[in-house]
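J.: My structure is in work_27.pdb, and what it holds is PDB, C-alpha atoms and all ligand atoms:
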```pdb
ATOM      1  CA  ALA A   1     -28.046  19.079-140.109
ATOM      2  CA  PRO A   2     -27.862  21.415-137.157
ATOM      3  CA  ASP A   3     -29.774  20.673-133.991
ATOM      4  CA  ILE A   4     -32.755  23.023-133.745
ATOM      5  CA  SER A   5     -33.000  24.606-130.306
ATOM      6  CA  VAL A   6     -36.396  23.750-128.869
ATOM      7  CA  ALA A   7     -36.061  26.786-126.608
ATOM      8  CA  ASP A   8     -36.038  28.964-129.723
ATOM      9  CA  VAL A   9     -39.103  27.173-131.093
ATOM     10  CA  GLN A  10     -40.841  27.642-127.741
ATOM     11  CA  ALA A  11     -39.933  31.351-127.747
ATOM     12  CA  ASP A  12     -41.648  31.706-131.147
ATOM     13  CA  LEU A  13     -44.727  29.984-129.739
ATOM     14  CA  GLY A  14     -44.709  32.408-126.806
ATOM     15  CA  ARG A  15     -44.670  35.265-129.261
ATOM     16  CA  LEU A  16     -47.577  33.816-131.278
ATOM     17  CA  GLN A  17     -49.497  33.342-128.037
ATOM     18  CA  SER A  18     -49.031  37.002-127.039
ATOM     19  CA  ILE A  19     -49.989  38.085-130.541
ATOM     20  CA  ALA A  20     -53.263  36.182-130.136
ATOM     21  CA  GLU A  21     -53.852  37.654-126.669
ATOM     22  CA  GLN A  22     -53.315  41.181-127.969
ATOM     23  CA  ASN A  23     -55.668  40.620-130.898
ATOM     24  CA  GLY A  24     -58.883  39.206-129.497
ATOM     25  CA  GLY A  25     -57.629  35.707-128.693
ATOM     26  CA  ASN A  26     -56.875  34.222-132.102
ATOM     27  CA  ARG A  27     -54.790  34.452-135.275
ATOM     28  CA  ALA A  28     -57.527  33.546-137.742
ATOM     29  CA  HIS A  29     -57.736  34.438-141.443
ATOM     30  CA  GLY A  30     -58.641  38.100-141.943
ATOM     31  CA  SER A  31     -57.844  39.101-138.357
ATOM     32  CA  SER A  32     -55.318  41.535-136.903
ATOM     33  CA  GLY A  33     -53.771  38.516-135.150
ATOM     34  CA  TYR A  34     -53.030  36.895-138.506
ATOM     35  CA  GLN A  35     -51.470  40.107-139.823
ATOM     36  CA  ALA A  36     -49.296  40.416-136.703
ATOM     37  CA  SER A  37     -48.223  36.764-137.054
ATOM     38  CA  ILE A  38     -47.131  37.436-140.639
ATOM     39  CA  ASP A  39     -45.234  40.575-139.585
ATOM     40  CA  PHE A  40     -43.418  38.637-136.858
ATOM     41  CA  ILE A  41     -42.284  35.750-139.088
ATOM     42  CA  LYS A  42     -41.453  37.980-142.058
ATOM     43  CA  GLY A  43     -39.378  40.329-139.891
ATOM     44  CA  LYS A  44     -37.185  37.480-138.679
ATOM     45  CA  LEU A  45     -36.679  36.110-142.191
ATOM     46  CA  ASP A  46     -35.876  39.504-143.698
ATOM     47  CA  GLU A  47     -33.314  40.137-140.992
ATOM     48  CA  ALA A  48     -31.705  36.747-141.679
ATOM     49  CA  GLY A  49     -31.230  37.472-145.393
ATOM     50  CA  PHE A  50     -34.189  35.702-147.019
ATOM     51  CA  THR A  51     -35.958  37.122-150.041
ATOM     52  CA  THR A  52     -39.540  37.301-148.817
ATOM     53  CA  SER A  53     -42.800  38.048-150.548
ATOM     54  CA  LEU A  54     -46.453  38.145-149.577
ATOM     55  CA  GLN A  55     -48.955  36.554-151.912
ATOM     56  CA  GLU A  56     -52.440  37.993-151.538
ATOM     57  CA  PHE A  57     -55.736  36.194-152.036
ATOM     58  CA  THR A  58     -59.307  36.787-150.979
ATOM     59  CA  THR A  59     -61.696  34.358-149.349
ATOM     60  CA  GLY A  60     -64.728  34.815-147.144
ATOM     61  CA  GLY A  61     -64.693  38.503-148.050
ATOM     62  CA  GLU A  62     -61.306  38.991-146.358
ATOM     63  CA  THR A  63     -57.814  39.363-147.753
ATOM     64  CA  GLY A  64     -55.383  36.623-146.816
ATOM     65  CA  TYR A  65     -51.648  36.218-147.293
ATOM     66  CA  ASN A  66     -49.130  33.510-147.953
ATOM     67  CA  LEU A  67     -45.595  34.357-146.879
ATOM     68  CA  ILE A  68     -42.914  32.949-149.185
ATOM     69  CA  ALA A  69     -39.222  33.038-148.269
ATOM     70  CA  ASP A  70     -36.486  32.080-150.721
ATOM     71  CA  TRP A  71     -32.939  31.375-149.620
ATOM     72  CA  PRO A  72     -30.742  32.919-152.326
ATOM     73  CA  GLY A  73     -28.717  30.392-154.321
ATOM     74  CA  GLY A  74     -29.010  26.831-155.514
ATOM     75  CA  ASP A  75     -30.609  25.445-158.665
ATOM     76  CA  GLU A  76     -34.121  26.857-158.880
ATOM     77  CA  GLY A  77     -34.976  24.092-161.321
ATOM     78  CA  GLN A  78     -34.695  21.803-158.292
ATOM     79  CA  THR A  79     -36.465  23.571-155.473
ATOM     80  CA  VAL A  80     -37.057  21.951-152.094
ATOM     81  CA  MET A  81     -39.991  23.493-150.268
ATOM     82  CA  ALA A  82     -41.191  23.257-146.668
ATOM     83  CA  GLY A  83     -44.320  24.913-145.341
ATOM     84  CA  ALA A  84     -46.818  25.280-142.533
ATOM     85  CA  HIS A  85     -50.117  27.087-142.144
ATOM     86  CA  LEU A  86     -49.889  30.181-140.006
ATOM     87  CA  ASP A  87     -53.613  30.855-139.497
ATOM     88  CA  SER A  88     -55.489  29.579-136.456
ATOM     89  CA  VAL A  89     -59.156  28.795-136.059
ATOM     90  CA  GLY A  90     -61.256  31.587-134.562
ATOM     91  CA  SER A  91     -61.782  29.795-131.262
ATOM     92  CA  GLY A  92     -58.248  30.082-129.913
ATOM     93  CA  PRO A  93     -54.595  31.061-130.390
ATOM     94  CA  GLY A  94     -53.712  27.921-132.404
ATOM     95  CA  ILE A  95     -50.393  27.151-130.775
ATOM     96  CA  ASN A  96     -50.167  23.449-131.585
ATOM     97  CA  ASP A  97     -52.387  23.984-134.683
ATOM     98  CA  ASN A  98     -50.317  25.423-136.211
ATOM     99  CA  GLY A  99     -47.936  27.650-134.317
ATOM    100  CA  SER A 100     -45.892  24.464-133.852
ATOM    101  CA  GLY A 101     -45.314  23.765-137.548
ATOM    102  CA  SER A 102     -44.880  27.466-138.295
ATOM    103  CA  ALA A 103     -42.204  27.846-135.619
ATOM    104  CA  GLY A 104     -40.440  24.598-136.532
ATOM    105  CA  VAL A 105     -40.187  25.678-140.171
ATOM    106  CA  LEU A 106     -39.101  29.192-139.119
ATOM    107  CA  GLU A 107     -36.289  27.934-136.889
ATOM    108  CA  THR A 108     -35.127  25.576-139.651
ATOM    109  CA  ALA A 109     -35.031  28.490-142.091
ATOM    110  CA  LEU A 110     -33.116  30.597-139.570
ATOM    111  CA  ALA A 111     -30.666  27.704-139.078
ATOM    112  CA  VAL A 112     -30.089  27.668-142.855
ATOM    113  CA  ALA A 113     -29.159  31.343-142.669
ATOM    114  CA  LYS A 114     -27.090  31.026-139.514
ATOM    115  CA  SER A 115     -24.943  28.231-140.948
ATOM    116  CA  ASP A 116     -24.895  29.917-144.367
ATOM    117  CA  PHE A 117     -25.961  26.614-145.896
ATOM    118  CA  GLN A 118     -25.242  26.686-149.638
ATOM    119  CA  PRO A 119     -26.827  23.519-151.021
ATOM    120  CA  SER A 120     -26.936  22.557-154.680
ATOM    121  CA  LYS A 121     -30.749  22.763-154.707
ATOM    122  CA  HIS A 122     -32.784  25.891-154.067
ATOM    123  CA  LEU A 123     -34.659  26.249-150.768
ATOM    124  CA  ARG A 124     -38.061  27.880-150.325
ATOM    125  CA  PHE A 125     -40.102  28.148-147.137
ATOM    126  CA  ALA A 126     -43.799  29.026-146.964
ATOM    127  CA  TRP A 127     -46.380  30.016-144.342
ATOM    128  CA  TRP A 128     -49.890  29.522-145.660
ATOM    129  CA  GLY A 129     -52.995  31.579-144.998
ATOM    130  CA  ALA A 130     -56.558  30.348-144.580
ATOM    131  CA  GLU A 131     -55.757  26.645-144.259
ATOM    132  CA  GLU A 132     -58.566  26.406-141.739
ATOM    133  CA  LEU A 133     -61.047  27.655-144.351
ATOM    134  CA  GLY A 134     -60.188  24.768-146.687
ATOM    135  CA  LEU A 135     -56.506  24.916-147.705
ATOM    136  CA  VAL A 136     -57.226  28.228-149.406
ATOM    137  CA  GLY A 137     -53.752  29.819-149.322
ATOM    138  CA  SER A 138     -51.786  26.761-150.412
ATOM    139  CA  SER A 139     -54.331  25.964-153.150
ATOM    140  CA  HIS A 140     -54.020  29.528-154.406
ATOM    141  CA  TYR A 141     -50.221  29.223-154.493
ATOM    142  CA  VAL A 142     -50.297  25.995-156.489
ATOM    143  CA  ASP A 143     -53.033  27.309-158.826
ATOM    144  CA  GLU A 144     -50.914  30.348-159.638
ATOM    145  CA  LEU A 145     -47.872  28.266-160.636
ATOM    146  CA  SER A 146     -47.365  27.594-164.319
ATOM    147  CA  SER A 147     -46.886  23.942-165.190
ATOM    148  CA  GLU A 148     -43.245  24.791-165.833
ATOM    149  CA  ASP A 149     -42.864  26.204-162.313
ATOM    150  CA  ARG A 150     -44.623  23.191-160.790
ATOM    151  CA  GLY A 151     -42.008  21.032-162.464
ATOM    152  CA  LYS A 152     -39.259  22.915-160.634
ATOM    153  CA  ILE A 153     -40.461  21.845-157.186
ATOM    154  CA  SER A 154     -38.625  18.615-156.325
ATOM    155  CA  SER A 155     -40.590  18.102-153.137
ATOM    156  CA  TYR A 156     -42.917  19.863-150.717
ATOM    157  CA  LEU A 157     -42.770  19.023-147.007
ATOM    158  CA  ASN A 158     -45.705  19.976-144.772
ATOM    159  CA  PHE A 159     -45.773  20.488-141.014
ATOM    160  CA  ASP A 160     -49.192  20.895-139.419
ATOM    161  CA  MET A 161     -49.360  20.078-135.664
ATOM    162  CA  ILE A 162     -45.981  18.797-134.502
ATOM    163  CA  GLY A 163     -46.166  19.347-130.741
ATOM    164  CA  SER A 164     -49.369  17.602-129.671
ATOM    165  CA  PRO A 165     -49.584  17.230-125.876
ATOM    166  CA  ASN A 166     -50.227  13.453-125.990
ATOM    167  CA  PRO A 167     -48.078  13.010-129.064
ATOM    168  CA  GLY A 168     -47.982  10.470-131.812
ATOM    169  CA  TYR A 169     -45.166  10.258-134.340
ATOM    170  CA  PHE A 170     -46.838  10.157-137.721
ATOM    171  CA  VAL A 171     -45.159  10.359-141.105
ATOM    172  CA  TYR A 172     -47.026  11.019-144.346
ATOM    173  CA  ASP A 173     -46.946   8.001-146.640
ATOM    174  CA  ASP A 174     -47.579   9.860-149.899
ATOM    175  CA  GLU A 175     -44.052   9.482-151.293
ATOM    176  CA  PRO A 176     -42.022   6.413-150.245
ATOM    177  CA  GLU A 177     -38.669   8.199-150.504
ATOM    178  CA  LEU A 178     -39.762  11.079-148.261
ATOM    179  CA  GLN A 179     -41.519   8.726-145.867
ATOM    180  CA  LYS A 180     -38.289   6.733-145.507
ATOM    181  CA  LEU A 181     -36.277   9.884-144.848
ATOM    182  CA  PHE A 182     -38.419  10.664-141.788
ATOM    183  CA  ASP A 183     -38.872   7.031-140.700
ATOM    184  CA  ASP A 184     -35.090   6.575-140.690
ATOM    185  CA  TYR A 185     -34.636   9.771-138.722
ATOM    186  CA  PHE A 186     -37.015   8.557-136.021
ATOM    187  CA  ALA A 187     -35.501   5.069-136.077
ATOM    188  CA  GLY A 188     -32.211   6.768-135.177
ATOM    189  CA  LEU A 189     -33.957   8.049-132.036
ATOM    190  CA  ASP A 190     -35.344   4.551-131.358
ATOM    191  CA  ILE A 191     -38.828   5.692-132.307
ATOM    192  CA  THR A 192     -41.032   3.652-134.591
ATOM    193  CA  ALA A 193     -43.170   6.126-136.475
ATOM    194  CA  ASP A 194     -46.629   5.240-137.793
ATOM    195  CA  VAL A 195     -48.223   6.165-141.084
ATOM    196  CA  ASP A 196     -50.425   9.242-140.790
ATOM    197  CA  THR A 197     -54.006   8.234-141.493
ATOM    198  CA  GLU A 198     -55.831  10.918-139.484
ATOM    199  CA  GLY A 199     -54.368  13.818-141.418
ATOM    200  CA  ASP A 200     -54.325  12.205-144.846
ATOM    201  CA  GLY A 201     -55.211  14.834-147.463
ATOM    202  CA  ARG A 202     -56.381  17.321-144.842
ATOM    203  CA  SER A 203     -53.587  19.850-144.916
ATOM    204  CA  ASP A 204     -51.580  22.054-147.276
ATOM    205  CA  HIS A 205     -49.676  19.218-148.914
ATOM    206  CA  ALA A 206     -52.880  18.140-150.684
ATOM    207  CA  PRO A 207     -52.869  20.788-153.456
ATOM    208  CA  PHE A 208     -49.186  20.024-154.156
ATOM    209  CA  LYS A 209     -49.873  16.310-154.344
ATOM    210  CA  ASP A 210     -52.853  16.912-156.636
ATOM    211  CA  ALA A 211     -50.548  18.893-158.931
ATOM    212  CA  GLY A 212     -48.177  15.935-159.206
ATOM    213  CA  ILE A 213     -45.530  17.221-156.788
ATOM    214  CA  LYS A 214     -43.871  14.803-154.349
ATOM    215  CA  VAL A 215     -45.054  15.494-150.808
ATOM    216  CA  GLY A 216     -44.071  14.426-147.326
ATOM    217  CA  GLY A 217     -44.538  15.642-143.790
ATOM    218  CA  LEU A 218     -45.009  15.051-140.099
ATOM    219  CA  PHE A 219     -47.957  15.134-137.734
ATOM    220  CA  SER A 220     -48.310  14.468-133.994
ATOM    221  CA  GLY A 221     -52.075  13.843-133.990
ATOM    222  CA  ALA A 222     -55.292  15.799-133.493
ATOM    223  CA  ASP A 223     -58.551  14.484-132.064
ATOM    224  CA  TYR A 224     -58.134  10.773-132.707
ATOM    225  CA  GLU A 225     -57.417   8.755-129.559
ATOM    226  CA  LYS A 226     -54.069   7.177-128.817
ATOM    227  CA  THR A 227     -54.363   3.398-128.844
ATOM    228  CA  PRO A 228     -52.829   1.168-126.132
ATOM    229  CA  GLU A 229     -50.233  -0.022-128.666
ATOM    230  CA  GLN A 230     -49.295   3.552-129.496
ATOM    231  CA  ALA A 231     -49.020   4.478-125.800
ATOM    232  CA  GLU A 232     -46.739   1.511-125.250
ATOM    233  CA  ASN A 233     -44.663   2.518-128.234
ATOM    234  CA  TRP A 234     -44.435   6.280-127.638
ATOM    235  CA  GLY A 235     -45.526   6.860-124.041
ATOM    236  CA  GLY A 236     -48.429   9.128-123.179
ATOM    237  CA  THR A 237     -52.017   8.213-122.393
ATOM    238  CA  ALA A 238     -54.044   5.567-124.199
ATOM    239  CA  GLY A 239     -57.721   6.320-124.754
ATOM    240  CA  GLU A 240     -57.095  10.088-124.778
ATOM    241  CA  PRO A 241     -56.889  12.267-127.889
ATOM    242  CA  PHE A 242     -53.457  13.225-129.179
ATOM    243  CA  ASP A 243     -54.575  16.832-128.784
ATOM    244  CA  ASN A 244     -57.439  17.356-126.389
ATOM    245  CA  CYS A 245     -57.446  21.098-127.193
ATOM    246  CA  TYR A 246     -57.651  20.667-130.967
ATOM    247  CA  HIS A 247     -59.464  23.701-132.433
ATOM    248  CA  SER A 248     -60.284  24.955-128.921
ATOM    249  CA  SER A 249     -59.493  27.987-126.805
ATOM    250  CA  CYS A 250     -57.084  25.845-124.746
ATOM    251  CA  ASP A 251     -54.697  25.366-127.695
ATOM    252  CA  THR A 252     -52.170  27.604-125.935
ATOM    253  CA  THR A 253     -48.457  27.342-125.090
ATOM    254  CA  GLU A 254     -49.578  24.929-122.342
ATOM    255  CA  ASN A 255     -50.842  22.585-125.041
ATOM    256  CA  ILE A 256     -47.415  21.485-126.282
ATOM    257  CA  ASP A 257     -45.287  18.433-125.616
ATOM    258  CA  GLU A 258     -41.779  19.836-125.705
ATOM    259  CA  THR A 259     -40.105  16.523-126.517
ATOM    260  CA  ALA A 260     -42.297  15.989-129.586
ATOM    261  CA  LEU A 261     -41.794  19.603-130.633
ATOM    262  CA  ASP A 262     -38.027  19.180-130.332
ATOM    263  CA  ARG A 263     -37.821  15.873-132.205
ATOM    264  CA  ASN A 264     -40.074  17.038-135.006
ATOM    265  CA  SER A 265     -38.260  20.362-135.391
ATOM    266  CA  ASP A 266     -34.938  18.521-135.613
ATOM    267  CA  ALA A 267     -36.530  16.187-138.171
ATOM    268  CA  ILE A 268     -37.477  19.182-140.360
ATOM    269  CA  ALA A 269     -33.864  20.358-140.394
ATOM    270  CA  HIS A 270     -32.649  16.820-141.080
ATOM    271  CA  ALA A 271     -34.983  16.520-144.085
ATOM    272  CA  ILE A 272     -34.066  19.918-145.524
ATOM    273  CA  TRP A 273     -30.334  19.269-145.250
ATOM    274  CA  SER A 274     -30.656  15.764-146.740
ATOM    275  CA  LEU A 275     -32.911  16.737-149.632
ATOM    276  CA  ALA A 276     -31.109  19.920-150.637
ATOM    277  CA  SER A 277     -27.572  18.563-150.786
TER     278      SER A 277
HETATM  279  N1  LIG A 301     -55.342  20.326-141.232
HETATM  280  C1  LIG A 301     -56.069  20.000-140.050
HETATM  281  C2  LIG A 301     -56.232  21.262-139.253
HETATM  282  O1  LIG A 301     -55.480  22.195-139.390
HETATM  283  C3  LIG A 301     -55.459  18.925-139.207
HETATM  284  C4  LIG A 301     -54.369  18.195-139.842
HETATM  285  C5  LIG A 301     -53.110  18.305-139.395
HETATM  286  C6  LIG A 301     -54.579  17.401-140.951
HETATM  287  C7  LIG A 301     -52.064  17.637-140.010
HETATM  288  C8  LIG A 301     -53.541  16.752-141.568
HETATM  289  C9  LIG A 301     -52.267  16.851-141.104
HETATM  290  O2  LIG A 301     -57.128  21.353-138.476
HETATM  291 CA    CA A 302     -33.313  20.025-130.926
HETATM  292 ZN    ZN A 303     -56.814  23.171-137.668
HETATM  293 ZN    ZN A 304     -53.684  22.640-138.942
HETATM  294 ZN    ZN A 305     -51.625   8.397-146.895
END
```
Transcribe the structure of this file into structure tokens.
T.:
Amino acid sequence: APDISVADVQADLGRLQSIAEQNGGNRAHGSSGYQASIDFIKGKLDEAGFTTSLQEFTTGGETGYNLIADWPGGDEGQTVMAGAHLDSVGSGPGINDNGSGSAGVLETALAVAKSDFQPSKHLRFAWWGAEELGLVGSSHYVDELSSEDRGKISSYLNFDMIGSPNPGYFVYDDEPELQKLFDDYFAGLDITADVDTEGDGRSDHAPFKDAGIKVGGLFSGADYEKTPEQAENWGGTAGEPFDNCYHSSCDTTENIDETALDRNSDAIAHAIWSLAS
């Protein structure tokens, strides 16, 4: 898999930050900041040759959107999906939660296009709306799939918070095969990843899992505190939250650990290349 440039991921985060600043400070469901975030991501994907579509839904009296991007080619009966929620909470710009996952998935998709990757399986990328209101966008997507279409998704990988400032390296344990794929990747960097317990069931992989689809993903931690063992293992500060700005106004471009962002973005590309071939 190609190496994802963390500078490119950071540039996307800078753009999401300015979008928030120009739109009242956030990118929440129903806001102009969310719309502008969608326009930004969709524009890049369209330019790169993806087939994109917006899926509309309504919640809380406001229209929301999922952005779906298909890479033409491959066996659609065996579709590998990766996704991230693009909405923020109302209290801030949501750069770690979840500009980080959104940008990591975007740069992986753009790397697919740039290398003209033509895998045997079909690739689909998704940016979910209204996760912060209760996984609304991703649940809507899964609800709208026929059982036949659900059967075509080989796996769904979720990335929600991958650049936490006091980072942990957590891997979802829902599907042993997908867990091993990420664990092995980190082992290659001499990192021992832990099982994600904080995020279990609390992000957009949950509706996929409930529908019987294999799910995996990465997480660098939210408001749980890093233990002394974890600090010894990964560095950072014991007794402090993984993300002290979780769901706060200070979740800005300052609230990112670049090393974690880089490793996790590279891990997304590694997983996509391994699973699709
Ligand atoms: N979904 C939660 C949020 O957006 C936090 C979370 C992240 C949960 C990653 C699980 C995995 O606030
Ligand atoms: Ca990299
Ligand atoms: Zn959140
Ligand atoms: Zn989140
Ligand atoms: Zn679990």
J.: Near range 264-277 of chain A, counting all atoms listed in the file, which residues have an atom at most 7 Å away, once you skip same-chain residues fewer than 5 positions from it, shown as a PyMOL selection string?
T.: chain A and resi 1-4+80+104+108+119-121+162+181-182+185
J.: Find the residues with any atom within 9 Å of (-39.2, 22.7, -150.1); use only C-alpha atoms and the coordinates as given in the file, and write the answer as a PyMOL selection string.
T.: chain A and resi 79-83+122-126+153-158+272+275-276
J.: What would the selection look like, as a PDB file with C-alpha atoms, keeping the file's coordinate frame, if the PyMOL selection byres (((not hetatm)) within 8 of (chain A and resi 305)) were run on the coordinates I just shared?
T.:
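As a result, out.pdb now contains:
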```
ATOM      1  CA  TYR A 172     -47.026  11.019-144.346  1.00  0.00           C
ATOM      2  CA  ASP A 173     -46.946   8.001-146.640  1.00  0.00           C
ATOM      3  CA  ASP A 174     -47.579   9.860-149.899  1.00  0.00           C
ATOM      4  CA  VAL A 195     -48.223   6.165-141.084  1.00  0.00           C
ATOM      5  CA  ASP A 196     -50.425   9.242-140.790  1.00  0.00           C
ATOM      6  CA  THR A 197     -54.006   8.234-141.493  1.00  0.00           C
ATOM      7  CA  ASP A 200     -54.325  12.205-144.846  1.00  0.00           C
ATOM      8  CA  GLY A 201     -55.211  14.834-147.463  1.00  0.00           C
TER       9      GLY A 201
END
```
J.: Give as a VMD selection string the residues surrounding ligand ZN 304 (chain A) up to a distance of 10 Å, considering only C-alpha atoms and all ligand atoms.
T.: chain A and resid 84 to 89 94 to 101 130 to 132 135 159 to 162 199 202 to 204 219 222 246 to 247
J.: As an exercise, work out the distance from CA of Pro207 in chain A to CA of Glu56 in chain A in Å and give it to one decimal place.
T.: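 Computed distance, CA of Pro207 in chain A to CA of Glu56 in chain A, equals 17.3 Å.
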J.: List as an MDAnalysis selection string the protein and nucleic acid residues near range 34-42 of chain A, meaning an atom at most 10 Å away when all atoms listed in the file are counted, but skip any in the same chain fewer than 3 places from it.
T.: chainID A and resid 12 15:17 19:20 22:23 26:31 45:48 50:54 64:69 86:88 99 102:103 106 127:130
J.: Looking at only C-alpha atoms and all ligand atoms, which of A:Ala7, A:Leu178, A:Cys245, A:Ala211 is the one that sits closest to ligand ZN 303 (chain A)?
T.: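 For ligand ZN 303 (chain A), the nearest of the given residues is A:Cys245.
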J.: Provide the CA of Gly235 in chain A to CA of Thr192 in chain A distance in Å, to one decimal place.
T.: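 Going from CA of Gly235 in chain A over to CA of Thr192 in chain A covers 11.9 Å.
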J.: Which centre and which edge lengths, in Å to one decimal, describe the axis-aligned box that holds all listed atoms of range 133-150 of chain A after 5 Å is added on each side, as JSON?
T.:
```
{"center_x": -52.0, "center_y": 26.8, "center_z": -155.1, "size_x": 28.2, "size_y": 17.2, "size_z": 31.5}
```
J.: Selected by the PyMOL selection byres (((chain A and resi 228) around 12) and not hetatm) in the shown coordinates: which residues, as a list in words?
T.: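 Expected selection for the PyMOL selection byres (((chain A and resi 228) around 12) and not hetatm) here is Gly168, Glu225, Lys226, Thr227, Glu229, Gln230, Ala231, Glu232, Asn233, Trp234, Gly235, Gly236, Thr237, Ala238, Gly239, Glu240 and Pro241 of chain A.
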J.: Pick the closest to ligand ZN 303 (chain A) from A:Gln10, A:Asn166, A:Ser248, A:Gln55: which is it, counting all atoms listed in the file?
T.: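 Of A:Gln10, A:Asn166, A:Ser248, A:Gln55, the one nearest ligand ZN 303 (chain A) is A:Ser248, counting all atoms listed in the file.
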J.: For Asp184 in chain A, which of A:Val171, A:Thr252, A:Asp149, A:Ala111 is the closest residue, counting all atoms listed in the file?
T.: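 Once distances to Asp184 in chain A are computed over all atoms listed in the file, the minimum belongs to A:Val171.
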J.: Could you tell me which of A:Phe57, A:Phe170, A:Trp71, A:Phe208 comes closest to ligand LIG 301 (chain A) if we count only C-alpha atoms and all ligand atoms?
T.: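 Checking each candidate against ligand LIG 301 (chain A), we get A:Phe170 as the closest.
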J.: Could you tell me how far CA of Gln179 in chain A sits from CA of Thr259 in chain A, in Å to one decimal place?
T.: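 Going from CA of Thr259 in chain A over to CA of Gln179 in chain A, I get 20.9 Å.
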J.: Looking at only C-alpha atoms and all ligand atoms, which of A:Val112, A:Ile191, A:Val136, A:Leu145 is the one that sits closest to ligand LIG 301 (chain A)?
T.: A:Val136
J.: Determine the nearest neighbour of ligand CA 302 (chain A) from the options A:Asp210, A:Asp243, A:Asp223, A:Asp8, counting only C-alpha atoms and all ligand atoms.
T.: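 For ligand CA 302 (chain A), the nearest of the given residues is A:Asp8.
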J.: Using C-alpha atoms, give me range 4-27 of chain A from the structure I just pasted, as an mmCIF file, in the first residue's frame.
T.:
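Printed below is result17.cif as written:
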```
data_model
loop_
_atom_site.group_PDB
_atom_site.id
_atom_site.type_symbol
_atom_site.label_atom_id
_atom_site.label_comp_id
_atom_site.auth_asym_id
_atom_site.auth_seq_id
_atom_site.Cartn_x
_atom_site.Cartn_y
_atom_site.Cartn_z
ATOM 1 C CA ILE A 4 -0.235 8.304 3.035
ATOM 2 C CA SER A 5 1.309 11.754 3.364
ATOM 3 C CA VAL A 6 0.445 13.096 6.796
ATOM 4 C CA ALA A 7 1.010 16.596 5.428
ATOM 5 C CA ASP A 8 -1.900 16.017 3.052
ATOM 6 C CA VAL A 9 -4.078 14.751 5.903
ATOM 7 C CA GLN A 10 -3.114 17.804 7.959
ATOM 8 C CA ALA A 11 -3.963 20.094 5.024
ATOM 9 C CA ASP A 12 -7.469 18.568 4.922
ATOM 10 C CA LEU A 13 -7.819 19.203 8.651
ATOM 11 C CA GLY A 14 -6.771 22.819 8.107
ATOM 12 C CA ARG A 15 -9.488 23.142 5.517
ATOM 13 C CA LEU A 16 -12.130 21.637 7.833
ATOM 14 C CA GLN A 17 -10.995 24.018 10.563
ATOM 15 C CA SER A 18 -11.433 27.070 8.304
ATOM 16 C CA ILE A 19 -14.804 25.760 7.178
ATOM 17 C CA ALA A 20 -15.883 25.659 10.829
ATOM 18 C CA GLU A 21 -14.496 29.149 11.481
ATOM 19 C CA GLN A 22 -16.379 30.560 8.502
ATOM 20 C CA ASN A 23 -19.622 28.899 9.575
ATOM 21 C CA GLY A 24 -20.182 29.780 13.209
ATOM 22 C CA GLY A 25 -17.505 27.545 14.726
ATOM 23 C CA ASN A 26 -18.743 24.036 13.982
ATOM 24 C CA ARG A 27 -19.635 21.485 11.306
#
```
